[in-house]
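*Asks:* Mind having a look at this structure? Questions to follow.
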Amino acid sequence: MASGRGGVLELAVLGSLHETPLHGYELRKRLNALLGMFRAFSYGSLYPCLRQLLTDGLIVEDSASDTASAPAESPITLTGRRSKIVYKLTAEGKERLQELLTQAGPSAWEDESFGVHFAFFRHTEAEVRLRILEGRRSRLEERLDGVRTALARTRERLDSYTLELQRHGLESVEREVRWLNELIATERRSSSADEERQSTQEGTSRATAPGADNTGRHAVPEDK
């Protein structure tokens with residue numbers, strides 16, 4: 001699937017279906033809650049995305065029945081139940097999702113895509129999470145430098161309302177940078193704790209290995 005906006009929507013759809021199979025209406029609601037926080041979500045882009053994912057073999061359709069009353073225009077089966085299409089991930093779809101979740105380059109740092117990547121951090125490797133957070137912070141710090149420079153250059157020519165708007169934007173970016181600093185520090189502490197725990201476990205395993213003395217070295221039999 002194409003990169004950019006299509007790639008962000010692909011990640012959002014695959015990530016949502018990884019958690020549970022969904023029919024179209026449920027998927028629309030979930031994507032609206034997820035993507036609506038970061039950018040305008042167009043329902044018109046969802047179904048072309050689903051068709052492409054179906055064509056690529058990343059998802060499949062599973063027909064289910066709904067006993068709830070259907071709208072007048074909805075197709076009704078002979079049994080009085082209306083058909084409902086549920087979308088599910090395939091094995092190839094799970095592989096594609098993991099591939100998308102390993103991407104930590106500049107495309108994952110942008111305003112449009114960072115929030116979606118962050119929403120699925122629980123499925124993302126710690127090293128990739130840290131690279132995305134650091135990349136996002138770097139991008140925002142560059143933006144801060146640009147805004148501060150522009151503000152200093154044009155301050156005298158701006159009216160008070162435009163100046164306040166510029167300051168508000170600057171403060172918003174500064175708050176996100178502070179938030180990112182906290183997240184990065186937490187990720188690094190967690191990574192260090194995991195490494196220390198793994199090292200301790202490996203040391204314990206060596207010390208308790210059959211034939212090892214209390215230093216963890218294997219005892220050498222004495223000559224008789």
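Within each chain, counting starts at residue 1; across the structure tokens, chains are named A, B, ... in the order shown, with ligands numbered 1 upward in that order.
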Please identify all polymer residues within 10 Å of Phe118 in chain A, counting only C-alpha atoms, omitting same-chain residues fewer than 3 positions from it, and present them as a ChimeraX atom specification.
*Replies:* /A:101,108-109,113-115,121-124,129,132-133
*Asks:* Got a sec: who's within 10 Å of Gly57 in chain A, counting only C-alpha atoms, leaving out chain neighbours fewer than 2 positions off, as a list in words?
*Replies:* Arg51, Gln52, Leu53, Leu54, Thr55, Ile59, Val60, Leu89, Thr90, Ala91, Glu92 and Gly93 of chain A
*Asks:* With distances taken over only C-alpha atoms, which residue among A:Gly7, A:Arg153, A:His117, A:Arg148 lies nearest Arg167 in chain A?
*Replies:*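 The answer is A:Arg148, which sits nearest to Arg167 in chain A.
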*Asks:* Just checking: using only C-alpha atoms, which residue out of A:Val8, A:Ala33, A:Ala150, A:Val86 ends up closest to Asp111 in chain A?
*Replies:* A:Val8
*Asks:* Quick one: everything within 8 Å of Arg188 in chain A, counting only C-alpha atoms, minus sequence neighbours fewer than 4 positions away in the same chain. Send it as a ChimeraX atom specification.
*Replies:* /A:130,184,192
*Asks:* Keeping only N, CA and C atoms, take the residues you just selected and write them out as a PDB file, in the first residue's frame.
*Replies:*
```pdb
ATOM      1  N   LEU A 130      11.860   3.709  21.474  1.00  0.00           N
ATOM      2  CA  LEU A 130      12.810   4.749  21.874  1.00  0.00           C
ATOM      3  C   LEU A 130      13.281   5.562  20.675  1.00  0.00           C
ATOM      4  N   ILE A 184      10.912   9.311  27.255  1.00  0.00           N
ATOM      5  CA  ILE A 184      12.224   8.770  26.898  1.00  0.00           C
ATOM      6  C   ILE A 184      12.964   8.319  28.152  1.00  0.00           C
ATOM      7  N   SER A 192      17.109  -0.324  31.064  1.00  0.00           N
ATOM      8  CA  SER A 192      18.235  -0.621  31.960  1.00  0.00           C
ATOM      9  C   SER A 192      17.842  -1.671  32.986  1.00  0.00           C
TER      10      SER A 192
END
```
*Asks:* Rank nothing, just name the residue among A:Arg30, A:Leu180, A:Leu151, A:Gly105 nearest to His168 in chain A, using only C-alpha atoms.
*Replies:*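 Among A:Arg30, A:Leu180, A:Leu151, A:Gly105, it is A:Leu151 that comes nearest to His168 in chain A.
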*Asks:* Quick one: everything within 9 Å of Gln166 in chain A, counting only C-alpha atoms, minus sequence neighbours fewer than 4 positions away in the same chain. Send it as a PyMOL selection string.
*Replies:* chain A and resi 147+151+161-162+170-171
*Asks:* Please produce a file of the residues just selected, as a PDB file, in the first residue's frame, where the atoms kept are C-alpha atoms.
*Replies:*
```
ATOM      1  CA  VAL A 147       9.454  29.365  15.564  1.00  0.00           C
ATOM      2  CA  LEU A 151       9.132  35.240  16.423  1.00  0.00           C
ATOM      3  CA  TYR A 161      -3.363  38.911  19.070  1.00  0.00           C
ATOM      4  CA  THR A 162      -1.103  37.373  16.447  1.00  0.00           C
ATOM      5  CA  LEU A 170       5.350  27.809  20.972  1.00  0.00           C
ATOM      6  CA  GLU A 171       4.142  26.754  24.425  1.00  0.00           C
TER       7      GLU A 171
END
```
*Asks:* Go through A:Glu142, A:Asp159, A:Glu134, A:Glu112 and flag the residue nearest Ala185 in chain A, using only C-alpha atoms for the distances.
*Replies:*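 Among A:Glu142, A:Asp159, A:Glu134, A:Glu112, it is A:Glu134 that comes nearest to Ala185 in chain A.
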*Asks:* For Leu50 in chain A, please output as an MDAnalysis selection string all residues within 12 Å (counting only C-alpha atoms; exclusion window: fewer than 6 positions along the same chain).
*Replies:* chainID A and resid 1 6 9:14 17 22:24 27:28 43:44 56:61 85:89 93
